[in-house]
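Asker: Next up is a structure, given as structure tokens.
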Amino acid sequence: MAEQLFTNTHIISWLQYFSANTEIDLEHVKILDITRKNKNLIPTVEAHRCVLVFTEAGDMDIFYRMWNVGLGDCEIIYNEGSEPEGEVKRNKVSEMIDRGINASAGMIVLNPNARSTIKFGMDNKKFYSGSVKYVGSEIRAVILSKMQIDEHKNFCTISAASIAIETAAMLGDGEVIAVEYKERDRETIEENVNQFGLTNVTIIDHVGGDTMRDLPIPDTTMLVASASMEQEIKYLLEINPNMEFVIYTLDFRVAASMNDILAKFGITDTTIIQVQVSKLTSKNVFENQPSPWIITAKAGE
């Protein structure tokens with residue numbers, strides 16, 4: 001196991017330093033050590049008003065990434081150097097976008113606009129506009145709720161780029177394996193991973209032992225129905241016989257056959273719904289969006 005950069009002793013000393021030099025109520029501080037695996041800064045700051053962040057020297061665009069996703073009004077409380085001592089400084093993120101992290105140290109991020117609840121279904125405009133055609137945010141919200149996101153679970157997504165990104169942003173310790181068969185789609189999801197500062201997404205080009213052998217075993221898989229679906233389900237059940245599935249399709253014939261398809265694998269706990277969304281246009285006319293079927297299924301029961 002790699003040596004931990006910030007021990008409990010370090011964390012306590014930084015808490016004492018900020019307690020003595022600021023008026024912040026440390027009872028409400030969220031502690032985040034982004035030097036550890038799978039710890040995401042941006043989603044944590046978006047969800048908490050006060051975050052004590054431990055960073056490693058060498059992250060030269062950390063504040064630019066925060067500013068780029070709309071966190072420019074957040075205030076950073078910090079000092080110079082790697083020890084909890086000396087003068088406390090305060091600047092907005094928007095004033096620090098040309099700075100990086102020069103020393104491994106703690107800093108406090110204050111976000112007056114933090115949301116305290118989980119928000120399903122990000123606006124599609126927030127995603128990098130690459131090769132992927134994103135599902136509507138309302139449909140994505142339903143899919144994510146069906147996935148029953150738990151911050152400690154591991155997930156696999158197949159041909160579902162925006163689902164992978166939004167799932168990863170909600171997780172605390174869990175990981176996301178994002179399967180994208182097309183190279184351009186893998187590049188698009190990589191851009192989104194970088195944009196949101198995610199460290200818990202692994203992108204692979206297919207489902208199989210050669211690509212997933214050394215990765216965490218997913219608890220839940222969300223996949224878009226395709227010609228390779230049965231092959232994917234077969235392998236995923238081999239590595240986790242209790243896998244939960246969320247399946248998306250716009251094809252009625254596929255939706256109608258899902259009970260029979262899943263029964264081949266001994267899965268009988270299946271629910272199939274159709275989601276319909278209409279949006280009012282600028283001409284005061286309701287426009288129907290694509291209406292997918294969403295199948296949820298649990299193996300091992």
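By convention in this document, the chains of the structure tokens carry letters A, B, ... by their order, each chain's residues are numbered from 1, and ligands are numbered from 1 in the order they are shown.
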I'd like the neighbourhood of Asp150 of chain A as a VMD selection string, where a residue qualifies if any of its atoms comes within 10 Å (using only C-alpha atoms), though same-chain residues fewer than 6 positions away should be ignored.
Answerer: chain A and resid 167 170 to 174
Asker: Counting only C-alpha atoms, which residue out of A:Val176, A:Leu236, A:Ala263, A:Val135 sits closest to Glu151 of chain A?
Answerer: A:Val176
Asker: Go through A:Lys125, A:Lys92, A:Arg184, A:Lys30 one by one, measure the shortest atom-to-atom distance of each to Gly72 of chain A using only C-alpha atoms, and give the residue with the smallest value.
Answerer: A:Lys92
Asker: Quick one: residues within 12 Å of Glu230 of chain A, only C-alpha atoms, excluding same-chain residues fewer than 4 positions away - as a CSV table (one decimal) with C-alpha atoms, in the first residue's frame?
Answerer:
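Below is the file out-v4.csv, written as the result:
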```
chain,number,residue,atom,x,y,z
A,207,VAL,CA,-16.3,-5.6,-22.3
A,223,LEU,CA,-26.0,-0.3,-20.9
A,224,VAL,CA,-27.6,0.8,-24.1
A,225,ALA,CA,-29.1,-2.2,-25.8
A,226,SER,CA,-27.1,-3.3,-28.9
A,234,LYS,CA,-22.9,-13.0,-20.0
A,235,TYR,CA,-19.4,-11.7,-19.2
A,236,LEU,CA,-20.7,-9.3,-16.5
A,237,LEU,CA,-22.6,-12.1,-14.7
A,247,ILE,CA,-30.9,-1.1,-19.8
A,254,VAL,CA,-36.1,-5.1,-27.9
A,258,MET,CA,-36.2,-8.3,-22.6
A,260,ASP,CA,-37.1,-13.6,-22.5
A,261,ILE,CA,-33.5,-12.4,-23.1
A,262,LEU,CA,-32.8,-11.9,-19.4
A,263,ALA,CA,-34.5,-15.2,-18.5
A,264,LYS,CA,-31.8,-17.0,-20.5
A,265,PHE,CA,-29.4,-15.8,-17.8
```
Asker: Which residue is closest to Ile101 of chain A? Choose from A:Leu71, A:Met122, A:Leu32, A:Ile62 and count only C-alpha atoms.
Answerer: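 Checking each of A:Leu71, A:Met122, A:Leu32, A:Ile62 against Ile101 of chain A, counting only C-alpha atoms, the winner is A:Ile62.
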Asker: With only C-alpha atoms as the atoms that count, which of A:Ile165, A:Tyr64, A:Gly266, A:Phe252 lies nearest to Ile233 of chain A?
Answerer: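 Among the listed residues, the smallest separation from Ile233 of chain A belongs to A:Gly266.
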